[in-house]
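**Q** This is structure_23.cif, which holds mmCIF, C-alpha atoms:
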data_start
loop_
_atom_site.label_atom_id
_atom_site.label_comp_id
_atom_site.auth_asym_id
_atom_site.auth_seq_id
_atom_site.Cartn_x
_atom_site.Cartn_y
_atom_site.Cartn_z
CA MET Y 1 -18.23 10.24 -6.25
CA ILE Y 2 -15.80 8.55 -8.67
CA THR Y 3 -15.13 11.24 -11.26
CA GLU Y 4 -13.96 10.74 -14.84
CA GLU Y 5 -10.55 12.03 -13.79
CA ILE Y 6 -10.08 9.06 -11.44
CA ILE Y 7 -11.14 6.26 -13.81
CA PRO Y 8 -7.76 5.97 -15.64
CA GLY Y 9 -6.30 5.04 -12.25
CA MET Y 10 -8.57 1.99 -12.22
CA GLN Y 11 -7.25 0.16 -15.27
CA GLY Y 12 -4.76 -1.95 -13.33
CA ALA Y 13 -1.68 -0.38 -14.92
CA LEU Y 14 -0.21 0.21 -11.47
CA PRO Y 15 -0.97 -1.91 -8.40
CA SER Y 16 -3.20 -0.43 -5.73
CA VAL Y 17 -2.84 -0.53 -1.97
CA LEU Y 18 -5.51 -2.08 0.26
CA ALA Y 19 -5.69 -1.32 3.99
CA THR Y 20 -7.97 -3.18 6.41
CA VAL Y 21 -8.16 -3.56 10.18
CA ASP Y 22 -8.55 -6.61 12.40
CA GLU Y 23 -10.63 -7.08 15.55
CA ASN Y 24 -7.73 -5.83 17.71
CA GLY Y 25 -7.30 -2.57 15.82
CA THR Y 26 -4.20 -3.71 13.93
CA PRO Y 27 -4.06 -2.39 10.38
CA ASN Y 28 -3.07 -4.64 7.48
CA ILE Y 29 -1.68 -3.26 4.23
CA SER Y 30 -1.29 -5.24 1.03
CA TYR Y 31 -1.01 -4.63 -2.68
CA ILE Y 32 -3.82 -5.63 -5.03
CA SER Y 33 -3.96 -5.81 -8.81
CA GLN Y 34 -7.35 -4.29 -9.55
CA VAL Y 35 -9.68 -1.63 -8.26
CA TYR Y 36 -12.34 -2.06 -10.91
CA TYR Y 37 -14.86 0.66 -11.70
CA VAL Y 38 -18.43 -0.64 -11.28
CA ASP Y 39 -20.33 2.66 -11.16
CA ASP Y 40 -19.90 6.11 -9.63
CA THR Y 41 -20.34 4.79 -6.10
CA HIS Y 42 -19.09 1.20 -6.32
CA VAL Y 43 -15.82 -0.57 -7.07
CA ALA Y 44 -14.75 -4.21 -7.18
CA LEU Y 45 -11.41 -5.39 -5.85
CA SER Y 46 -9.63 -8.43 -7.25
CA ASN Y 47 -9.23 -11.16 -4.68
CA GLN Y 48 -6.34 -13.39 -5.71
CA PHE Y 49 -4.29 -13.90 -2.56
CA LEU Y 50 -6.24 -11.98 0.05
CA ASN Y 51 -6.28 -13.98 3.28
CA LYS Y 52 -5.84 -11.68 6.26
CA SER Y 53 -7.42 -8.76 4.39
CA MET Y 54 -10.54 -10.79 3.61
CA ARG Y 55 -10.82 -12.04 7.18
CA ASN Y 56 -10.78 -8.42 8.30
CA ILE Y 57 -13.28 -7.34 5.64
CA LYS Y 58 -15.64 -10.22 6.47
CA ASN Y 59 -15.38 -9.22 10.11
CA ASN Y 60 -16.10 -5.48 9.83
CA GLY Y 61 -16.69 -4.61 6.16
CA ILE Y 62 -14.18 -1.74 6.25
CA ALA Y 63 -11.35 -1.01 3.82
CA THR Y 64 -9.35 1.85 2.35
CA VAL Y 65 -7.66 1.71 -1.05
CA ASN Y 66 -5.32 3.91 -3.01
CA VAL Y 67 -5.53 4.22 -6.81
CA VAL Y 68 -2.95 5.89 -9.06
CA ARG Y 69 -3.22 7.23 -12.59
CA PRO Y 70 -0.24 5.89 -14.57
CA ASP Y 71 -0.02 8.92 -16.87
CA ASN Y 72 0.49 11.62 -14.24
CA LEU Y 73 0.62 9.66 -10.93
CA LYS Y 74 -2.31 11.63 -9.52
CA SER Y 75 -3.88 9.39 -6.94
CA TRP Y 76 -6.78 9.06 -4.53
CA TYR Y 77 -7.77 7.27 -1.35
CA PHE Y 78 -11.18 5.58 -1.28
CA GLU Y 79 -12.91 4.67 1.97
CA LEU Y 80 -14.97 1.55 1.30
CA LYS Y 81 -17.76 -0.55 2.76
CA HIS Y 82 -17.99 -4.18 1.65
CA LYS Y 83 -21.22 -5.27 -0.03
CA LYS Y 84 -20.73 -8.76 -1.49
CA SER Y 85 -18.38 -11.26 -3.13
CA LYS Y 86 -18.97 -12.51 -6.68
CA THR Y 87 -17.42 -15.59 -8.25
CA ASP Y 88 -19.34 -15.60 -11.52
CA GLY Y 89 -21.26 -13.29 -13.82
CA ASP Y 90 -20.26 -10.50 -16.20
CA LEU Y 91 -18.34 -8.47 -13.64
CA PHE Y 92 -16.29 -11.47 -12.54
CA GLU Y 93 -15.57 -12.45 -16.16
CA ASN Y 94 -14.56 -8.90 -17.09
CA MET Y 95 -12.23 -8.69 -14.12
CA THR Y 96 -10.77 -12.09 -14.98
CA MET Y 97 -9.97 -10.86 -18.49
CA GLN Y 98 -8.42 -7.66 -17.20
CA LEU Y 99 -6.41 -9.60 -14.65
CA GLU Y 100 -5.10 -11.91 -17.38
CA ALA Y 101 -3.92 -8.83 -19.27
CA ILE Y 102 -2.24 -7.45 -16.15
CA ALA Y 103 -0.60 -10.83 -15.49
CA SER Y 104 0.67 -10.95 -19.05
CA MET Y 105 2.20 -7.48 -18.77
CA THR Y 106 3.89 -8.30 -15.47
CA GLY Y 107 5.00 -11.88 -16.12
CA MET Y 108 2.65 -13.23 -13.48
CA GLU Y 109 0.54 -15.55 -15.69
CA ASP Y 110 1.21 -18.56 -13.50
CA VAL Y 111 0.42 -16.70 -10.28
CA PHE Y 112 -2.60 -14.47 -10.85
CA LYS Y 113 -5.93 -16.25 -10.63
CA LEU Y 114 -9.08 -14.39 -9.65
CA ARG Y 115 -10.79 -16.12 -6.72
CA ALA Y 116 -13.54 -13.51 -6.31
CA SER Y 117 -14.61 -9.99 -7.16
CA GLU Y 118 -15.15 -8.10 -3.91
CA ILE Y 119 -17.75 -5.38 -4.39
CA PHE Y 120 -17.63 -2.27 -2.21
CA GLU Y 121 -19.58 0.93 -1.83
CA VAL Y 122 -17.35 4.00 -2.04
CA VAL Y 123 -18.07 6.04 1.09
CA LYS Y 124 -15.48 8.82 0.69
CA VAL Y 125 -12.85 9.87 -1.80
CA TYR Y 126 -9.75 11.94 -0.91
CA GLU Y 127 -7.20 13.17 -3.39
CA VAL Y 128 -3.64 12.35 -2.40
CA ILE Y 129 -1.71 15.55 -1.74
CA MET Y 130 1.24 15.67 -4.09
CA SER Y 131 4.51 17.51 -3.48
CA MET W 1 12.69 -8.54 21.12
CA PRO W 2 14.95 -7.54 18.18
CA ILE W 3 14.24 -9.30 14.89
CA ILE W 4 17.18 -10.83 13.03
CA LEU W 5 16.70 -9.92 9.37
CA ASN W 6 17.16 -12.80 6.94
CA ASP W 7 18.48 -12.54 3.38
CA PHE W 8 15.00 -12.21 1.90
CA VAL W 9 14.16 -9.22 4.09
CA LYS W 10 17.55 -7.58 3.55
CA GLU W 11 17.13 -7.95 -0.22
CA VAL W 12 13.77 -6.16 -0.18
CA LEU W 13 15.02 -3.45 2.16
CA ASP W 14 18.06 -2.81 -0.02
CA ALA W 15 15.82 -2.26 -3.04
CA PRO W 16 14.49 1.23 -3.75
CA CYS W 17 12.41 2.01 -0.75
CA TYR W 18 8.91 3.26 -1.25
CA GLY W 19 5.67 2.12 0.31
CA PHE W 20 2.62 2.87 2.42
CA LEU W 21 2.00 2.98 6.13
CA GLY W 22 -1.30 3.04 7.91
CA VAL W 23 -3.12 3.36 11.20
CA ILE W 24 -6.82 3.42 12.01
CA ASN W 25 -8.84 6.50 12.85
CA GLU W 26 -11.56 7.07 15.44
CA PHE W 27 -14.12 5.43 13.14
CA ASN W 28 -12.02 2.24 12.82
CA GLN W 29 -11.24 3.26 9.24
CA PRO W 30 -7.68 2.68 7.99
CA VAL W 31 -5.89 5.88 7.00
CA ILE W 32 -2.76 5.53 4.92
CA THR W 33 0.04 7.63 3.50
CA ARG W 34 3.04 6.98 1.32
CA PHE W 35 6.66 7.00 2.47
CA PHE W 36 9.97 7.33 0.69
CA GLY W 37 12.91 5.83 2.43
CA PHE W 38 13.33 4.26 5.81
CA LYS W 39 16.01 3.73 8.40
CA TYR W 40 16.49 0.48 10.28
CA ASP W 41 19.01 -1.57 12.18
CA ASN W 42 19.77 -5.28 12.04
CA PRO W 43 18.68 -6.82 14.40
CA LEU W 44 15.54 -4.77 13.89
CA THR W 45 13.67 -3.06 16.68
CA ILE W 46 12.92 0.41 15.34
CA LEU W 47 11.92 1.29 11.79
CA THR W 48 11.78 4.97 10.82
CA LEU W 49 9.72 5.94 7.78
CA TYR W 50 9.94 9.27 5.94
CA THR W 51 6.63 10.80 4.93
CA PHE W 52 5.24 13.99 3.43
CA LYS W 53 3.55 16.11 6.09
CA LYS W 54 0.65 17.37 3.99
CA ASP W 55 -0.34 13.90 2.85
CA ALA W 56 0.51 12.20 6.14
CA GLN W 57 -1.54 14.54 8.33
CA ARG W 58 -4.51 12.17 8.66
CA VAL W 59 -2.08 9.49 9.86
CA VAL W 60 -0.15 11.84 12.16
CA ASN W 61 -3.42 12.97 13.76
CA GLN W 62 -3.93 9.41 15.04
CA LEU W 63 -0.44 8.89 16.49
CA SER W 64 -0.19 8.39 20.23
CA GLU W 65 1.46 5.92 22.57
CA GLY W 66 0.75 2.32 21.66
CA VAL W 67 -1.09 3.05 18.40
CA LYS W 68 -0.75 0.09 16.04
CA ILE W 69 0.93 0.75 12.70
CA ALA W 70 1.47 -1.33 9.57
CA ALA W 71 3.86 -0.50 6.75
CA THR W 72 4.37 -2.33 3.47
CA THR W 73 7.18 -1.99 0.96
CA SER W 74 7.93 -3.82 -2.25
CA ASN W 75 10.72 -4.26 -4.76
CA ALA W 76 9.14 -3.08 -8.02
CA MET W 77 11.53 -5.25 -10.05
CA ASP W 78 10.53 -8.64 -8.67
CA TYR W 79 7.42 -7.85 -6.54
CA LYS W 80 8.96 -9.21 -3.37
CA THR W 81 6.99 -7.51 -0.61
CA ILE W 82 7.28 -7.17 3.16
CA GLN W 83 4.82 -5.88 5.73
CA PHE W 84 5.98 -4.55 9.11
CA LYS W 85 3.62 -4.43 12.06
CA GLY W 86 4.29 -2.70 15.32
CA THR W 87 3.44 0.21 17.56
CA TYR W 88 4.03 3.94 17.37
CA LEU W 89 7.20 5.18 19.05
CA LYS W 90 7.61 8.84 18.01
CA HIS W 91 7.43 11.25 15.11
CA TYR W 92 9.51 14.33 14.37
CA ASP W 93 10.42 16.83 11.67
CA VAL W 94 13.11 15.29 9.49
CA PRO W 95 16.59 16.68 10.34
CA GLN W 96 19.07 17.48 7.57
CA ASP W 97 21.19 14.33 7.89
CA GLU W 98 18.16 12.09 7.60
CA MET W 99 16.80 14.28 4.81
CA ASN W 100 19.88 13.53 2.72
CA TYR W 101 19.44 9.81 3.27
CA ALA W 102 15.77 9.94 2.29
CA ARG W 103 16.65 11.94 -0.83
CA GLN W 104 19.03 9.18 -1.88
CA CYS W 105 16.21 6.65 -1.54
CA ASN W 106 13.95 8.86 -3.62
CA ALA W 107 16.59 9.19 -6.35
CA LYS W 108 17.01 5.40 -6.49
CA GLN W 109 13.27 4.98 -6.81
CA ALA W 110 13.09 7.56 -9.62
CA LYS W 111 15.51 5.47 -11.71
CA ILE W 112 13.35 2.38 -11.30
CA ILE W 113 10.18 4.29 -12.12
CA GLU W 114 11.74 5.56 -15.33
CA MET W 115 12.15 1.96 -16.45
CA PHE W 116 8.36 1.64 -16.20
CA GLY W 117 7.94 4.52 -18.67
CA ILE W 118 7.17 7.18 -16.10
CA SER W 119 9.14 10.34 -16.73
CA ASN W 120 11.22 12.12 -14.11
CA LYS W 121 8.95 15.13 -14.50
CA VAL W 122 5.87 13.09 -13.58
CA TRP W 123 7.79 11.39 -10.78
CA ALA W 124 8.78 14.79 -9.40
CA ASN W 125 5.08 15.61 -8.99
CA TRP W 126 4.44 12.42 -7.05
CA SER W 127 7.55 12.25 -4.89
CA PHE W 128 8.33 14.75 -2.15
CA GLU W 129 10.88 16.17 0.20
CA PRO W 130 10.43 14.13 3.37
CA SER W 131 9.12 16.26 6.19
CA VAL W 132 7.88 13.95 8.95
CA ALA W 133 9.68 10.84 10.21
CA ILE W 134 7.50 8.23 11.92
CA ALA W 135 9.31 5.67 14.10
CA ILE W 136 7.77 2.28 14.85
CA ASN W 137 8.65 -0.43 17.36
CA VAL W 138 8.50 -3.39 14.98
CA LYS W 139 6.96 -6.55 16.43
CA GLU W 140 6.23 -8.68 13.36
CA LEU W 141 7.31 -9.09 9.75
CA PHE W 142 5.30 -10.77 7.00
CA ASP W 143 6.17 -11.94 3.49
CA GLN W 144 3.47 -10.49 1.21
CA THR W 145 4.99 -11.30 -2.15
CA PRO W 146 2.18 -12.05 -4.62
CA LYS W 147 1.82 -15.85 -4.59
CA ILE W 148 -0.55 -18.52 -3.35
CA ASN W 149 -0.75 -18.67 0.46
CA THR W 150 1.21 -15.46 0.86
CA GLY W 151 1.19 -13.52 4.12
CA ASN W 152 3.36 -15.84 6.20
CA LYS W 153 5.06 -14.45 9.25
CA ILE W 154 8.81 -14.12 8.79
CA ASN W 155 10.08 -13.61 12.34
#
Turn this file's structure into structure tokens for me.

**A**
Amino acid sequence: MITEEIIPGMQGALPSVLATVDENGTPNISYISQVYYVDDTHVALSNQFLNKSMRNIKNNGIATVNVVRPDNLKSWYFELKHKKSKTDGDLFENMTMQLEAIASMTGMEDVFKLRASEIFEVVKVYEVIMS
Amino acid sequence: MPIILNDFVKEVLDAPCYGFLGVINEFNQPVITRFFGFKYDNPLTILTLYTFKKDAQRVVNQLSEGVKIAATTSNAMDYKTIQFKGTYLKHYDVPQDEMNYARQCNAKQAKIIEMFGISNKVWANWSFEPSVAIAINVKELFDQTPKINTGNKIN
């Protein structure tokens, strides 16, 4: 489902957009630092500041993200289903290291701290229609 | 009730204006699209966002009276970010006078993007001529700047 063409959009060079929905049907849209490639059908999102988004995800497991390739700005929407949160292990450590690199590039070293890796199944992928 | 915009909000809104808006579909799945440029008044009641019809179609398909909409925009230079929440008011093909305004927003954004090493040629592929305006009755504003305990309501 996640093709090789998409993977460069998952290096954290550009922030991604995360959309969730609450119990009243109100969407919530926030920026996130990482949509990390786990395998062809799974991604992990970096949870640094997610409050409302995580309440929504814990409530219904549903999310949509947008990823963008920095070299050509091609981008995709992923429809996601939440599987689990991880706060240790190789995946969490790898995401922590990548997040430290992102923080260094963006001057956010004092702000970015990974609280959890949120693992999702990728249900659908749509390519964003360019101009 | 109209929302009086404070200096923080005005600063973000005066920055190059690009972001995402979203609704939910019949499966309770968020569907999102990007916008370039917006129109607003201060005090704020109605926010109009300029989108690209082909990419926005999944969002437009869900629009009807009372549909809840969220939109988030950020200043790429300092990461200050605002989220608007409200309900759908109307959508329409972008008339020429509003098209010119949206083009100006797009041109401002292109200059910022170039500072991030993205060429104008690449930007031209990603940006678009606005074709559908989506107007929202704004009810709430949130500060979503990346920081601990972010997400506080502004109004």

**Q** Report, as JSON, the centre and edge lengths in Å (one decimal) of the axis-aligned box enclosing every listed atom of range 143-150 of chain W, padded by 5 Å on each side.

**A**
{"center_x": 2.7, "center_y": -14.6, "center_z": -0.6, "size_x": 16.9, "size_y": 18.2, "size_z": 18.1}

**Q** Assuming the chain letters and numbering stay as they are in my file, what does the PyMOL selection byres ((chain Y) within 10 of (chain W)) actually select? List them as a PyMOL selection string.

**A** chain Y and resi 14+17-33+48-53+60+62-66+70-75+77-81+106-108+110-113+127-131

**Q** In Å, rounded to a single decimal, give me how far CA of Ala135 in chain W is from CA of Ile46 in chain W.

**A**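 One can read the CA of Ile46 in chain W to CA of Ala135 in chain W distance as 6.5 Å.
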
**Q** What's the 12 Å shell around Cys17 in chain W, counting all atoms listed in the file, without same-chain residues fewer than 2 positions away, as a VMD selection string?

**A** chain W and resid 10 to 15 19 to 20 34 to 40 48 to 51 71 to 77 81 to 82 101 to 113

**Q** Counting only C-alpha atoms, which of W:His91, W:Asp143, W:Met1, W:Met99 gets nearest to Pro43 in chain W?

**A** W:Met1

**Q** Provide the CA of Leu44 in chain W to CA of Tyr18 in chain W distance in Å, to one decimal place.

**A** 18.4 Å

**Q** Record the distance separating CA of Pro15 in chain Y and CA of His82 in chain Y, expressed in Å with one decimal.

**A**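 Distance reported for this atom pair: 19.9 Å.
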
**Q** List the residues matched by the PyMOL selection byres ((chain Y and resi 35-43) around 9) in the displayed structure as a ChimeraX atom specification, ordered by chain and then by residue number.

**A** /Y:1-3,7,9-12,15-16,32-34,44-46,65-67,80,91,95,118-123

**Q** For a quick check of understanding, using all atoms listed in the file, which of Y:Ser117, Y:Asn59, Y:Ser104, Y:Asn47 has the smallest distance to Thr87 in chain Y?

**A**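 Under the stated criterion, the closest residue is Y:Ser117.
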